[in-house]
$ cat model-v3.cif   # mmCIF, C-alpha atoms
data_structure
#
loop_
_atom_site.label_atom_id
_atom_site.label_comp_id
_atom_site.auth_asym_id
_atom_site.auth_seq_id
_atom_site.Cartn_x
_atom_site.Cartn_y
_atom_site.Cartn_z
CA PRO A 216 -51.00 24.67 -1.71
CA GLY A 217 -52.20 21.91 -4.02
CA LEU A 218 -50.41 18.64 -4.68
CA ALA A 219 -48.87 19.85 -7.96
CA VAL A 220 -47.38 22.95 -6.28
CA ARG A 221 -45.96 20.89 -3.40
CA HIS A 222 -44.45 18.48 -5.92
CA LEU A 223 -42.77 21.33 -7.81
CA ARG A 224 -41.39 22.76 -4.59
CA ALA A 225 -40.03 19.35 -3.60
CA GLN A 226 -38.36 18.98 -6.99
CA ALA A 227 -36.80 22.43 -6.68
CA LEU A 228 -35.48 21.53 -3.22
CA ILE A 229 -33.87 18.34 -4.56
CA THR A 230 -32.29 20.22 -7.47
CA ARG A 231 -30.88 22.92 -5.23
CA MET A 232 -29.50 20.55 -2.60
CA LEU A 233 -25.87 21.50 -1.99
CA LEU A 234 -23.08 18.96 -1.74
CA ALA A 235 -21.58 18.32 1.67
CA GLU A 236 -18.38 20.23 2.39
CA VAL A 237 -15.05 18.49 2.89
CA GLU A 238 -13.56 19.01 6.34
CA ARG A 239 -11.09 21.88 6.60
CA ILE A 240 -8.47 21.93 9.35
CA ALA A 241 -6.22 24.92 9.98
CA TRP A 242 -2.50 24.15 9.92
CA GLY A 243 -1.01 24.54 13.39
CA SER A 244 -4.31 23.83 15.16
CA PRO A 245 -4.63 21.05 17.78
CA GLU A 246 -6.68 19.04 15.27
CA ALA A 247 -3.87 19.24 12.72
CA ARG A 248 -1.35 17.99 15.27
CA GLU A 249 -3.51 14.95 16.08
CA LEU A 250 -4.16 13.66 12.55
CA GLY A 251 -3.92 9.90 12.14
CA ALA A 252 -4.70 7.80 9.09
CA ILE A 253 -6.67 9.78 6.49
CA ARG A 254 -10.03 8.07 5.88
CA ALA A 255 -11.86 10.83 4.00
CA PRO A 256 -10.76 13.79 1.84
CA LEU A 257 -9.32 16.61 3.91
CA VAL A 258 -8.09 20.17 3.32
CA LEU A 259 -5.27 21.42 5.52
CA THR A 260 -5.47 25.20 5.24
CA GLY A 261 -2.61 27.67 5.47
CA VAL A 262 0.19 25.09 5.26
CA VAL A 263 2.28 27.53 3.16
CA GLU A 264 2.28 31.27 3.77
CA GLU A 265 1.41 33.66 0.94
CA ALA A 266 4.94 35.03 0.55
CA ALA A 267 6.38 31.51 0.32
CA CYS A 268 3.80 30.57 -2.32
CA GLU A 269 4.74 33.60 -4.40
CA ALA A 270 8.46 32.85 -4.03
CA TRP A 271 7.93 29.24 -5.15
CA CYS A 272 6.02 30.35 -8.26
CA ASP A 273 8.71 32.95 -9.09
CA GLU A 274 11.41 30.27 -8.80
CA LEU A 275 9.37 27.92 -11.01
CA ILE A 276 9.25 30.47 -13.84
CA GLU A 277 12.85 31.57 -13.36
CA SER A 278 14.26 28.03 -13.40
CA ALA A 279 11.87 26.23 -15.76
CA GLY A 280 9.92 28.91 -17.62
CA GLY A 281 11.76 28.26 -20.87
CA LEU A 282 10.94 24.54 -20.92
CA ASP A 283 8.19 23.26 -23.20
CA VAL A 284 4.95 21.93 -21.71
CA ARG A 285 2.10 20.00 -23.29
CA VAL A 286 -1.14 21.94 -23.19
CA GLN A 287 -4.52 20.24 -23.12
CA LEU A 288 -6.96 22.34 -25.17
CA GLN A 289 -10.36 21.34 -23.79
CA GLU A 290 -12.93 22.44 -26.37
CA SER A 291 -16.63 21.52 -25.98
CA GLY A 292 -15.94 18.08 -24.52
CA GLU A 293 -13.02 17.23 -26.81
CA THR A 294 -9.32 17.50 -25.96
CA ARG A 295 -6.40 18.10 -28.30
CA LEU A 296 -2.76 18.80 -27.49
CA ALA A 297 -0.56 21.80 -28.19
CA SER A 298 2.86 22.89 -26.97
CA THR A 299 4.37 26.09 -25.66
CA SER A 300 6.84 27.20 -23.01
CA LEU A 301 5.76 27.21 -19.37
CA GLU A 302 6.37 30.95 -19.16
CA ALA A 303 4.22 31.64 -22.23
CA PHE A 304 1.45 29.49 -20.77
CA VAL A 305 1.31 31.23 -17.39
CA THR A 306 1.68 34.76 -18.82
CA GLU A 307 -0.47 34.48 -21.96
CA TRP A 308 -2.33 31.25 -22.70
CA ILE A 309 -3.81 30.84 -19.24
CA TYR A 310 -5.69 34.14 -19.48
CA GLU A 311 -7.37 33.11 -22.74
CA SER A 312 -8.94 30.07 -21.05
CA GLU A 313 -12.70 29.73 -20.50
CA HIS A 314 -15.18 26.90 -19.88
CA GLU A 315 -15.83 26.03 -23.55
CA ASP A 316 -12.19 26.58 -24.58
CA ALA A 317 -10.09 25.73 -21.53
CA ARG A 318 -6.32 25.24 -21.23
CA LEU A 319 -4.58 22.87 -18.83
CA VAL A 320 -0.97 21.80 -18.25
CA PHE A 321 -0.67 18.41 -16.54
CA GLU A 322 3.00 17.39 -16.59
CA GLU A 323 4.16 14.26 -14.76
CA GLY A 324 7.83 14.41 -13.79
CA PHE A 325 8.26 18.04 -14.84
CA LEU A 326 10.01 19.01 -11.59
CA GLU A 327 13.50 17.57 -11.27
CA PRO A 328 13.38 15.32 -8.15
CA ASP A 329 16.53 16.89 -6.66
CA SER A 330 15.52 20.50 -7.38
CA ASP A 331 14.76 22.93 -4.58
CA LEU A 332 11.20 23.21 -5.94
CA ALA A 333 10.58 19.47 -5.64
CA ARG A 334 12.31 19.09 -2.28
CA SER A 335 10.37 21.93 -0.70
CA SER A 336 7.08 20.53 -2.01
CA ARG A 337 7.88 17.08 -0.60
CA ALA A 338 8.75 18.53 2.80
CA ILE A 339 5.45 20.41 2.94
CA ARG A 340 3.49 17.38 1.70
CA ASP A 341 4.88 15.30 4.58
CA CYS A 342 4.65 17.92 7.33
CA TRP A 343 1.33 16.65 8.72
CA THR A 344 2.41 13.10 9.58
CA ALA A 345 5.08 11.29 11.59
CA GLU A 346 5.01 8.35 9.16
CA ILE A 347 8.00 7.75 6.91
CA ASP A 348 7.21 8.01 3.21
CA TRP A 349 8.23 4.54 1.99
CA PHE A 350 8.52 5.78 -1.60
CA GLU A 351 11.00 8.46 -0.68
CA ARG A 352 12.95 6.46 1.90
CA TRP A 353 13.42 3.03 0.30
CA PHE A 354 12.21 2.92 -3.29
CA PRO A 355 14.89 3.69 -5.92
CA ALA A 356 14.43 6.94 -7.81
CA ASP A 357 13.14 5.24 -10.97
CA ALA A 358 10.49 3.33 -9.01
CA ARG A 359 8.97 6.27 -7.17
CA PRO A 360 5.82 8.08 -8.30
CA SER A 361 6.71 11.36 -9.98
CA ASP A 362 5.31 14.70 -8.88
CA CYS A 363 2.93 16.34 -11.33
CA LEU A 364 2.84 20.05 -12.14
CA VAL A 365 -0.76 21.18 -12.73
CA VAL A 366 -1.37 24.65 -14.18
CA ALA A 367 -5.01 25.37 -14.98
CA GLY A 368 -6.75 28.20 -16.77
CA GLU A 369 -10.35 29.14 -16.03
CA GLY A 370 -12.76 26.35 -17.00
CA ALA A 371 -10.12 23.61 -17.10
CA THR A 372 -10.90 20.24 -15.53
CA SER A 373 -8.92 17.18 -14.65
CA THR A 374 -10.37 13.82 -15.64
CA LEU A 375 -12.70 12.03 -13.24
CA HIS A 376 -10.46 9.33 -11.81
CA ARG A 377 -9.24 7.20 -8.95
CA ASP A 378 -5.50 7.23 -8.45
CA PRO A 379 -3.33 4.46 -9.95
CA PHE A 380 -3.39 2.45 -6.72
CA GLU A 381 -4.13 2.69 -3.07
CA TRP A 382 -1.65 5.38 -2.20
CA LEU A 383 -2.52 8.62 -0.41
CA GLY A 384 -2.82 11.41 -2.98
CA THR A 385 -1.80 14.97 -2.18
CA SER A 386 -2.20 18.32 -3.89
CA LEU A 387 -0.43 21.49 -2.83
CA CYS A 388 -1.75 24.72 -4.33
CA TYR A 389 0.72 27.59 -4.78
CA GLU A 390 -1.43 30.10 -6.68
CA GLY A 391 -5.12 30.72 -7.31
CA SER A 392 -7.75 28.19 -6.29
CA LYS A 393 -9.22 24.84 -7.34
CA VAL A 394 -12.68 23.33 -6.87
CA TRP A 395 -12.67 19.66 -5.85
CA ARG A 396 -15.44 17.06 -5.79
CA PHE A 397 -15.13 13.55 -4.32
CA PHE A 398 -17.15 10.36 -3.94
CA ASP A 399 -16.35 6.75 -3.04
CA THR A 400 -19.13 4.86 -4.82
CA ASP A 401 -18.55 3.19 -8.19
CA VAL A 402 -19.07 4.70 -11.64
CA ASP A 403 -18.67 3.47 -15.23
CA HIS A 404 -14.93 3.41 -15.84
CA TYR A 405 -11.98 1.81 -17.58
CA ARG A 406 -8.46 0.97 -16.43
CA LEU A 407 -5.57 3.16 -17.48
CA ASP A 408 -1.87 2.35 -17.08
CA SER A 409 -0.10 4.85 -14.86
CA ASN A 410 2.61 7.09 -16.29
CA ALA A 411 3.52 8.34 -12.83
CA PHE A 412 5.01 5.12 -11.49
CA ALA A 413 7.63 2.79 -12.94
CA LEU A 414 6.27 -0.28 -11.15
CA PRO A 415 3.19 -2.06 -12.54
CA SER A 416 0.10 0.03 -11.76
CA ALA A 417 -3.14 1.09 -13.39
CA GLY A 418 -5.66 3.69 -12.36
CA TRP A 419 -9.40 4.00 -12.86
CA GLN A 420 -10.78 6.70 -15.17
CA SER A 421 -14.29 7.66 -16.27
CA ASP A 422 -15.66 9.63 -19.21
CA GLN A 423 -18.26 11.15 -16.89
CA SER A 424 -17.66 14.62 -15.49
CA LEU A 425 -18.51 16.29 -12.21
CA PHE A 426 -18.36 19.65 -14.03
CA ALA A 427 -20.06 18.92 -17.35
CA ALA A 428 -21.96 22.22 -17.65
CA ARG A 429 -21.50 25.70 -16.23
CA HIS A 430 -24.51 27.92 -15.57
CA PRO A 431 -24.35 31.42 -17.16
CA SER A 432 -24.69 32.97 -13.68
CA VAL A 433 -21.25 31.66 -12.62
CA PRO A 434 -18.94 34.69 -12.48
CA SER A 435 -15.77 34.82 -14.55
CA ALA A 436 -12.32 34.60 -13.00
CA ARG A 437 -11.89 38.32 -13.59
CA ALA A 438 -15.16 39.11 -11.81
CA LEU A 439 -14.24 36.85 -8.89
CA ALA A 440 -10.86 38.56 -8.47
CA PHE A 441 -12.54 41.90 -7.70
CA ASP A 442 -15.47 40.58 -5.65
CA GLU A 443 -15.27 41.06 -1.89
CA ARG A 444 -17.35 37.88 -1.51
CA ARG A 445 -14.84 35.78 -3.50
CA THR A 446 -14.17 33.17 -0.80
CA THR A 447 -17.86 32.66 -0.05
CA LEU A 448 -18.77 32.56 -3.75
CA LEU A 449 -16.13 29.92 -4.49
CA ARG A 450 -17.36 27.79 -1.59
CA ASP A 451 -21.00 28.04 -2.68
CA LEU A 452 -20.21 27.30 -6.33
CA ALA A 453 -18.16 24.23 -5.44
CA ARG A 454 -21.13 22.75 -3.58
CA ASP A 455 -23.84 23.73 -6.08
CA PRO A 456 -24.61 20.94 -8.61
CA ASP A 457 -26.97 23.26 -10.51
CA ARG A 458 -24.42 25.95 -11.32
CA LEU A 459 -21.55 23.51 -11.90
CA ARG A 460 -23.60 20.59 -13.19
CA PRO A 461 -22.28 17.01 -13.26
CA SER A 462 -23.15 14.48 -15.95
CA LEU A 463 -24.11 11.89 -13.30
CA ALA A 464 -26.04 11.85 -10.04
CA LEU A 465 -24.00 12.69 -6.94
CA PRO A 466 -25.91 11.26 -3.97
CA PHE A 467 -22.89 11.01 -1.67
CA ALA A 468 -20.42 13.51 -3.12
CA THR A 469 -18.48 16.10 -1.16
CA ALA A 470 -16.89 19.33 -2.36
CA ALA A 471 -14.03 21.62 -1.38
CA VAL A 472 -12.22 24.76 -2.46
CA GLN A 473 -8.44 24.69 -2.28
CA HIS A 474 -6.74 28.08 -2.01
CA ALA A 475 -3.08 28.97 -2.39
CA GLY A 476 -1.20 27.52 0.58
CA ASP A 477 -3.70 24.68 1.16
CA LEU A 478 -2.81 20.97 1.09
CA VAL A 479 -5.50 18.51 -0.05
CA LEU A 480 -5.20 14.89 1.15
CA ILE A 481 -7.01 12.23 -0.91
CA PRO A 482 -7.34 8.79 0.70
CA PRO A 483 -7.36 5.57 -1.33
CA GLY A 484 -10.51 4.65 -3.22
CA TYR A 485 -11.99 8.12 -3.73
CA TRP A 486 -13.04 9.27 -7.18
CA HIS A 487 -12.15 12.92 -7.63
CA GLN A 488 -12.05 15.72 -10.19
CA THR A 489 -11.02 19.37 -10.12
CA TYR A 490 -12.38 22.46 -11.84
CA ALA A 491 -10.75 25.87 -12.23
CA LEU A 492 -12.98 28.85 -11.56
CA GLU A 493 -9.79 30.91 -11.76
CA PRO A 494 -6.18 30.21 -12.81
CA SER A 495 -4.11 28.05 -10.48
CA ILE A 496 -0.71 26.40 -10.04
CA ALA A 497 -0.39 23.22 -7.97
CA VAL A 498 1.78 20.15 -7.45
CA ALA A 499 0.15 16.72 -7.14
CA SER A 500 2.02 13.84 -5.55
CA GLN A 501 1.59 10.59 -3.68
CA ARG A 502 2.90 8.92 -0.56
CA CYS A 503 3.05 5.44 0.96
CA GLY A 504 3.33 4.95 4.71
CA ASP A 505 2.58 2.28 7.30
CA SER A 506 -1.14 3.03 7.09
CA ASN A 507 -1.49 2.20 3.37
CA ALA A 508 1.60 0.12 2.55
CA ARG A 509 -0.33 -3.14 2.30
CA ALA A 510 -2.76 -1.67 -0.24
CA VAL A 511 0.14 -0.30 -2.31
CA PHE A 512 2.00 -3.65 -2.28
CA THR A 513 -1.20 -5.57 -3.09
CA HIS A 514 -1.94 -3.36 -6.08
CA VAL A 515 1.55 -3.68 -7.53
CA LEU A 516 1.53 -7.47 -7.14
CA HIS A 517 -2.00 -7.93 -8.51
CA THR A 518 -1.29 -5.67 -11.48
CA LEU A 519 1.90 -7.58 -12.21
CA GLN A 520 0.10 -10.94 -12.04
CA ASN A 521 -3.22 -9.90 -13.64
CA GLY A 522 -5.08 -10.15 -10.35
CA HIS A 523 -3.79 -13.61 -9.40
CA ASP A 524 -1.91 -14.37 -6.21
CA THR A 525 1.27 -16.43 -6.40
CA ALA A 526 3.09 -18.15 -3.56
CA SER A 527 5.82 -15.52 -3.72
CA SER A 528 3.45 -12.55 -3.62
CA ILE A 529 1.40 -14.11 -0.80
CA SER A 530 4.62 -14.59 1.16
CA ILE A 531 5.53 -10.91 0.68
CA LEU A 532 2.08 -9.78 1.87
CA ASP A 533 2.18 -12.14 4.85
CA GLN A 534 5.53 -10.67 5.92
CA LEU A 535 4.12 -7.18 5.46
CA ASP A 536 1.10 -7.98 7.64
CA ALA A 537 3.33 -9.33 10.37
CA LEU A 538 5.55 -6.27 10.17
CA LEU A 539 2.68 -3.79 10.34
CA ARG A 540 1.17 -5.46 13.40
CA HIS A 541 4.07 -3.98 15.36
CA SER A 542 4.04 -0.35 16.35
CA PRO A 543 5.19 2.06 13.58
CA LYS A 544 8.86 2.93 13.63
CA PRO A 545 9.88 6.56 14.14
CA LYS A 546 11.25 8.67 11.31
CA GLY A 547 14.72 8.77 12.79
CA LEU A 548 15.35 5.01 12.81
CA GLY A 549 18.32 4.01 10.67
CA ASP A 550 17.77 1.74 7.64
CA ASP A 551 20.08 -0.92 9.09
CA ASP A 552 17.71 -1.34 12.05
CA ASP A 553 14.43 -1.00 10.16
CA PRO A 554 12.72 -4.25 9.01
CA ARG A 555 10.72 -2.40 6.36
CA ALA A 556 13.76 -1.76 4.15
CA PRO A 557 14.48 -5.42 3.25
CA LEU A 558 10.79 -6.02 2.63
CA VAL A 559 10.68 -3.22 0.07
CA ASP A 560 13.82 -4.65 -1.48
CA ARG A 561 12.19 -8.07 -1.77
CA LEU A 562 9.11 -6.56 -3.46
CA LEU A 563 11.29 -4.78 -6.01
CA ARG A 564 13.36 -7.90 -6.74
CA HIS A 565 10.14 -9.92 -7.15
CA VAL A 566 8.81 -7.40 -9.69
CA LEU A 567 12.07 -7.27 -11.61
CA ALA A 568 12.28 -11.06 -11.73
CA GLN A 569 8.89 -11.24 -13.49
CA GLY A 570 9.41 -8.25 -15.75
CA ARG A 571 8.71 -4.76 -14.50
CA HIS A 572 5.93 -4.12 -16.99
CA ALA A 573 4.58 -7.65 -17.30
#
$ encode --input "model-v3.cif" --output "structure tokens"
Amino acid sequence: PGLAVRHLRAQALITRMLLAEVERIAWGSPEARELGAIRAPLVLTGVVEEAACEAWCDELIESAGGLDVRVQLQESGETRLASTSLEAFVTEWIYESEHEDARLVFEEGFLEPDSDLARSSRAIRDCWTAEIDWFERWFPADARPSDCLVVAGEGATSTLHRDPFEWLGTSLCYEGSKVWRFFDTDVDHYRLDSNAFALPSAGWQSDQSLFAARHPSVPSARALAFDERRTTLLRDLARDPDRLRPSLALPFATAAVQHAGDLVLIPPGYWHQTYALEPSIAVASQRCGDSNARAVFTHVLHTLQNGHDTASSISILDQLDALLRHSPKPKGLGDDDDPRAPLVDRLLRHVLAQGRHA
């Protein structure tokens, strides 16, 4: 073929290039038992069995269905807020959602921390690691990140963002599925104070979208539900930047589909965004362990002091470095014997002394 034809074929190949797929590891497999620090996005599959997912969702509606939730109405690139009960949203509003008129509930702190729903989610979130969650173990209740209930109708997206600081993000899906895309290069962004954490913190958010346009060939949620190829179709759509088109180039992006029962782990520094090809219910949360404690402490101190180090904050970080050079302590060690507890206490007293939201 002539040069022009070869050029067109090359362009078509570039356009149709699929995104790389995020690693998936089956829960209970040898690979899952040998996980260390999480350096790239990961999907742990089958962490919660189907019956347990359904029971959790039933309990959610039974115990909290009458509570009001804020609904993001995402209409042609603009978002406005409405309000309804959680039960009305999951039984009515969610099924009226579509790409150009999508509905999303994103409620920080909706689950009561001491409720069975929250406790069971935390236990599952931590099941893959032997590391203590510093937030849960030593931070006071009002200084811990809050879990976020995410209920999405078809076509709904989260914002494109990096999490408020260098914690490990988690998402546990209880119903439906979610498409994820990730990358760790930079993008035009702005800083946004975190509502999920009482200590000083600010995340990174962008007005770009990894799901800006949806090709007419993408099947509806109803069509997917009755298609024997559903799992394969979801996987292919997640990776296809032509059918779910971003507003920016994605040279190093990866993609994943999260099904009910799957746990997604998001390491520090990764931009990410979700898209709902079908309705879903999930709980997003965060954890801090030995592997990322220094990054968490550094972010809190730098946010508090506008990026400047002080003698006190440097001293805290030096102590933390010395502590983490020793082998990690097991989960069963008592607080009286664990040197991490007083260090967390010193960080909190340092923040309070300068004004928690300075």
$ closest_residue --input "model-v3.cif" --among "A:Leu275, A:Ala470, A:Ala317, A:Ala556" --to "Glu293 of chain A" --atoms "only C-alpha atoms"
A:Ala317
$ residues_around --input "model-v3.cif" --residues "segment 250-261 of chain A" --least-positions-apart "6" --cutoff "7 Å" --atoms "all atoms listed in the file" --output "PyMOL selection string"
chain A and resi 237-242+476-482+506
$ atom_distance --input "model-v3.cif" --atom1 "atom CA of Arg502 of chain A" --atom2 "atom CA of Pro328 of chain A"
14.4 Å
$ residues_around --input "model-v3.cif" --residues "segment 371-381 of chain A" --least-positions-apart "6" --cutoff "8 Å" --atoms "only C-alpha atoms" --output "mmCIF file with C-alpha atoms, in the frame of the given file"
data_model
loop_
_atom_site.group_PDB
_atom_site.id
_atom_site.type_symbol
_atom_site.label_atom_id
_atom_site.label_comp_id
_atom_site.auth_asym_id
_atom_site.auth_seq_id
_atom_site.Cartn_x
_atom_site.Cartn_y
_atom_site.Cartn_z
ATOM 1 C CA GLN A 289 -10.360 21.340 -23.790
ATOM 2 C CA SER A 312 -8.940 30.070 -21.050
ATOM 3 C CA GLU A 313 -12.700 29.730 -20.500
ATOM 4 C CA HIS A 314 -15.180 26.900 -19.880
ATOM 5 C CA ALA A 317 -10.090 25.730 -21.530
ATOM 6 C CA ARG A 318 -6.320 25.240 -21.230
ATOM 7 C CA LEU A 319 -4.580 22.870 -18.830
ATOM 8 C CA LEU A 407 -5.570 3.160 -17.480
ATOM 9 C CA ASP A 408 -1.870 2.350 -17.080
ATOM 10 C CA SER A 409 -0.100 4.850 -14.860
ATOM 11 C CA SER A 416 0.100 0.030 -11.760
ATOM 12 C CA ALA A 417 -3.140 1.090 -13.390
ATOM 13 C CA GLY A 418 -5.660 3.690 -12.360
ATOM 14 C CA TRP A 419 -9.400 4.000 -12.860
ATOM 15 C CA GLN A 420 -10.780 6.700 -15.170
ATOM 16 C CA SER A 421 -14.290 7.660 -16.270
ATOM 17 C CA ASP A 422 -15.660 9.630 -19.210
ATOM 18 C CA GLN A 423 -18.260 11.150 -16.890
ATOM 19 C CA SER A 424 -17.660 14.620 -15.490
ATOM 20 C CA LEU A 425 -18.510 16.290 -12.210
ATOM 21 C CA PHE A 426 -18.360 19.650 -14.030
ATOM 22 C CA PRO A 482 -7.340 8.790 0.700
ATOM 23 C CA PRO A 483 -7.360 5.570 -1.330
ATOM 24 C CA GLY A 484 -10.510 4.650 -3.220
ATOM 25 C CA TYR A 485 -11.990 8.120 -3.730
ATOM 26 C CA TRP A 486 -13.040 9.270 -7.180
ATOM 27 C CA HIS A 487 -12.150 12.920 -7.630
ATOM 28 C CA GLN A 488 -12.050 15.720 -10.190
ATOM 29 C CA THR A 489 -11.020 19.370 -10.120
ATOM 30 C CA TYR A 490 -12.380 22.460 -11.840
ATOM 31 C CA ALA A 491 -10.750 25.870 -12.230
ATOM 32 C CA ASN A 507 -1.490 2.200 3.370
ATOM 33 C CA ALA A 510 -2.760 -1.670 -0.240
ATOM 34 C CA VAL A 511 0.140 -0.300 -2.310
ATOM 35 C CA HIS A 514 -1.940 -3.360 -6.080
ATOM 36 C CA VAL A 515 1.550 -3.680 -7.530
#
$ resolve_selection --input "model-v3.cif" --expression "the PyMOL selection byres ((chain A and resi 330-346) around 9)" --output "PyMOL selection string"
chain A and resi 242+247-252+259+262-263+271+274-275+326-329+347-349+362+385-387+478+498+500-506+543-546
$ write_last_selection --input "model-v3.cif" --atoms "C-alpha atoms" --output "mmCIF file, in the frame of the given file"
data_model
loop_
_atom_site.group_PDB
_atom_site.id
_atom_site.type_symbol
_atom_site.label_atom_id
_atom_site.label_comp_id
_atom_site.auth_asym_id
_atom_site.auth_seq_id
_atom_site.Cartn_x
_atom_site.Cartn_y
_atom_site.Cartn_z
ATOM 1 C CA TRP A 242 -2.500 24.150 9.920
ATOM 2 C CA ALA A 247 -3.870 19.240 12.720
ATOM 3 C CA ARG A 248 -1.350 17.990 15.270
ATOM 4 C CA GLU A 249 -3.510 14.950 16.080
ATOM 5 C CA LEU A 250 -4.160 13.660 12.550
ATOM 6 C CA GLY A 251 -3.920 9.900 12.140
ATOM 7 C CA ALA A 252 -4.700 7.800 9.090
ATOM 8 C CA LEU A 259 -5.270 21.420 5.520
ATOM 9 C CA VAL A 262 0.190 25.090 5.260
ATOM 10 C CA VAL A 263 2.280 27.530 3.160
ATOM 11 C CA TRP A 271 7.930 29.240 -5.150
ATOM 12 C CA GLU A 274 11.410 30.270 -8.800
ATOM 13 C CA LEU A 275 9.370 27.920 -11.010
ATOM 14 C CA LEU A 326 10.010 19.010 -11.590
ATOM 15 C CA GLU A 327 13.500 17.570 -11.270
ATOM 16 C CA PRO A 328 13.380 15.320 -8.150
ATOM 17 C CA ASP A 329 16.530 16.890 -6.660
ATOM 18 C CA ILE A 347 8.000 7.750 6.910
ATOM 19 C CA ASP A 348 7.210 8.010 3.210
ATOM 20 C CA TRP A 349 8.230 4.540 1.990
ATOM 21 C CA ASP A 362 5.310 14.700 -8.880
ATOM 22 C CA THR A 385 -1.800 14.970 -2.180
ATOM 23 C CA SER A 386 -2.200 18.320 -3.890
ATOM 24 C CA LEU A 387 -0.430 21.490 -2.830
ATOM 25 C CA LEU A 478 -2.810 20.970 1.090
ATOM 26 C CA VAL A 498 1.780 20.150 -7.450
ATOM 27 C CA SER A 500 2.020 13.840 -5.550
ATOM 28 C CA GLN A 501 1.590 10.590 -3.680
ATOM 29 C CA ARG A 502 2.900 8.920 -0.560
ATOM 30 C CA CYS A 503 3.050 5.440 0.960
ATOM 31 C CA GLY A 504 3.330 4.950 4.710
ATOM 32 C CA ASP A 505 2.580 2.280 7.300
ATOM 33 C CA SER A 506 -1.140 3.030 7.090
ATOM 34 C CA PRO A 543 5.190 2.060 13.580
ATOM 35 C CA LYS A 544 8.860 2.930 13.630
ATOM 36 C CA PRO A 545 9.880 6.560 14.140
ATOM 37 C CA LYS A 546 11.250 8.670 11.310
#
$ atom_distance --input "model-v3.cif" --atom1 "atom CA of Arg429 of chain A" --atom2 "atom CA of Val320 of chain A"
21.0 Å
$ resolve_selection --input "model-v3.cif" --expression "the PyMOL selection byres ((chain A and resi 431) around 12)" --output "PDB file with C-alpha atoms, in the coordinates of the input"
ATOM      1  CA  HIS A 314     -15.180  26.900 -19.880  1.00  0.00           C
ATOM      2  CA  GLU A 315     -15.830  26.030 -23.550  1.00  0.00           C
ATOM      3  CA  ALA A 428     -21.960  22.220 -17.650  1.00  0.00           C
ATOM      4  CA  ARG A 429     -21.500  25.700 -16.230  1.00  0.00           C
ATOM      5  CA  HIS A 430     -24.510  27.920 -15.570  1.00  0.00           C
ATOM      6  CA  SER A 432     -24.690  32.970 -13.680  1.00  0.00           C
ATOM      7  CA  VAL A 433     -21.250  31.660 -12.620  1.00  0.00           C
ATOM      8  CA  PRO A 434     -18.940  34.690 -12.480  1.00  0.00           C
ATOM      9  CA  SER A 435     -15.770  34.820 -14.550  1.00  0.00           C
ATOM     10  CA  ASP A 457     -26.970  23.260 -10.510  1.00  0.00           C
ATOM     11  CA  ARG A 458     -24.420  25.950 -11.320  1.00  0.00           C
ATOM     12  CA  LEU A 459     -21.550  23.510 -11.900  1.00  0.00           C
ATOM     13  CA  ARG A 460     -23.600  20.590 -13.190  1.00  0.00           C
TER      14      ARG A 460
END
$ closest_residue --input "model-v3.cif" --among "A:Phe397, A:Phe354, A:Tyr310, A:Phe512" --to "Pro461 of chain A" --atoms "all atoms listed in the file"
A:Phe397
$ residues_near_point --input "model-v3.cif" --point "(5.8, 30.2, -21.0)" --cutoff "8 Å" --atoms "all atoms listed in the file" --output "list in words"
Ile276, Gly280, Gly281, Leu282, Asp283, Thr299, Ser300, Leu301, Glu302, Ala303, Phe304, Val305, Thr306 and Glu307 of chain A
$ atom_distance --input "model-v3.cif" --atom1 "atom CA of Cys268 of chain A" --atom2 "atom CA of Ala475 of chain A"
7.1 Å
$ resolve_selection --input "model-v3.cif" --expression "the PyMOL selection byres ((chain A and resi 361) around 9)" --output "PDB file with C-alpha atoms, in the coordinates of the input"
ATOM      1  CA  GLU A 323       4.160  14.260 -14.760  1.00  0.00           C
ATOM      2  CA  GLY A 324       7.830  14.410 -13.790  1.00  0.00           C
ATOM      3  CA  PHE A 325       8.260  18.040 -14.840  1.00  0.00           C
ATOM      4  CA  LEU A 326      10.010  19.010 -11.590  1.00  0.00           C
ATOM      5  CA  PRO A 328      13.380  15.320  -8.150  1.00  0.00           C
ATOM      6  CA  ASP A 357      13.140   5.240 -10.970  1.00  0.00           C
ATOM      7  CA  ALA A 358      10.490   3.330  -9.010  1.00  0.00           C
ATOM      8  CA  ARG A 359       8.970   6.270  -7.170  1.00  0.00           C
ATOM      9  CA  PRO A 360       5.820   8.080  -8.300  1.00  0.00           C
ATOM     10  CA  ASP A 362       5.310  14.700  -8.880  1.00  0.00           C
ATOM     11  CA  CYS A 363       2.930  16.340 -11.330  1.00  0.00           C
ATOM     12  CA  ASN A 410       2.610   7.090 -16.290  1.00  0.00           C
ATOM     13  CA  ALA A 411       3.520   8.340 -12.830  1.00  0.00           C
ATOM     14  CA  PHE A 412       5.010   5.120 -11.490  1.00  0.00           C
ATOM     15  CA  ALA A 499       0.150  16.720  -7.140  1.00  0.00           C
ATOM     16  CA  SER A 500       2.020  13.840  -5.550  1.00  0.00           C
ATOM     17  CA  GLN A 501       1.590  10.590  -3.680  1.00  0.00           C
TER      18      GLN A 501
END
$ residues_around --input "model-v3.cif" --residues "Glu269 of chain A" --least-positions-apart "4" --cutoff "8 Å" --atoms "all atoms listed in the file" --output "list in words"
Glu265, Asp273, Tyr389 and Glu390 of chain A
$ closest_residue --input "model-v3.cif" --among "A:Glu277, A:Glu351, A:Asp316, A:Glu443" --to "Glu290 of chain A" --atoms "all atoms listed in the file"
A:Asp316
$ closest_residue --input "model-v3.cif" --among "A:Ala438, A:Ala508, A:Ile496, A:Leu516" --to "Lys393 of chain A" --atoms "only C-alpha atoms"
A:Ile496
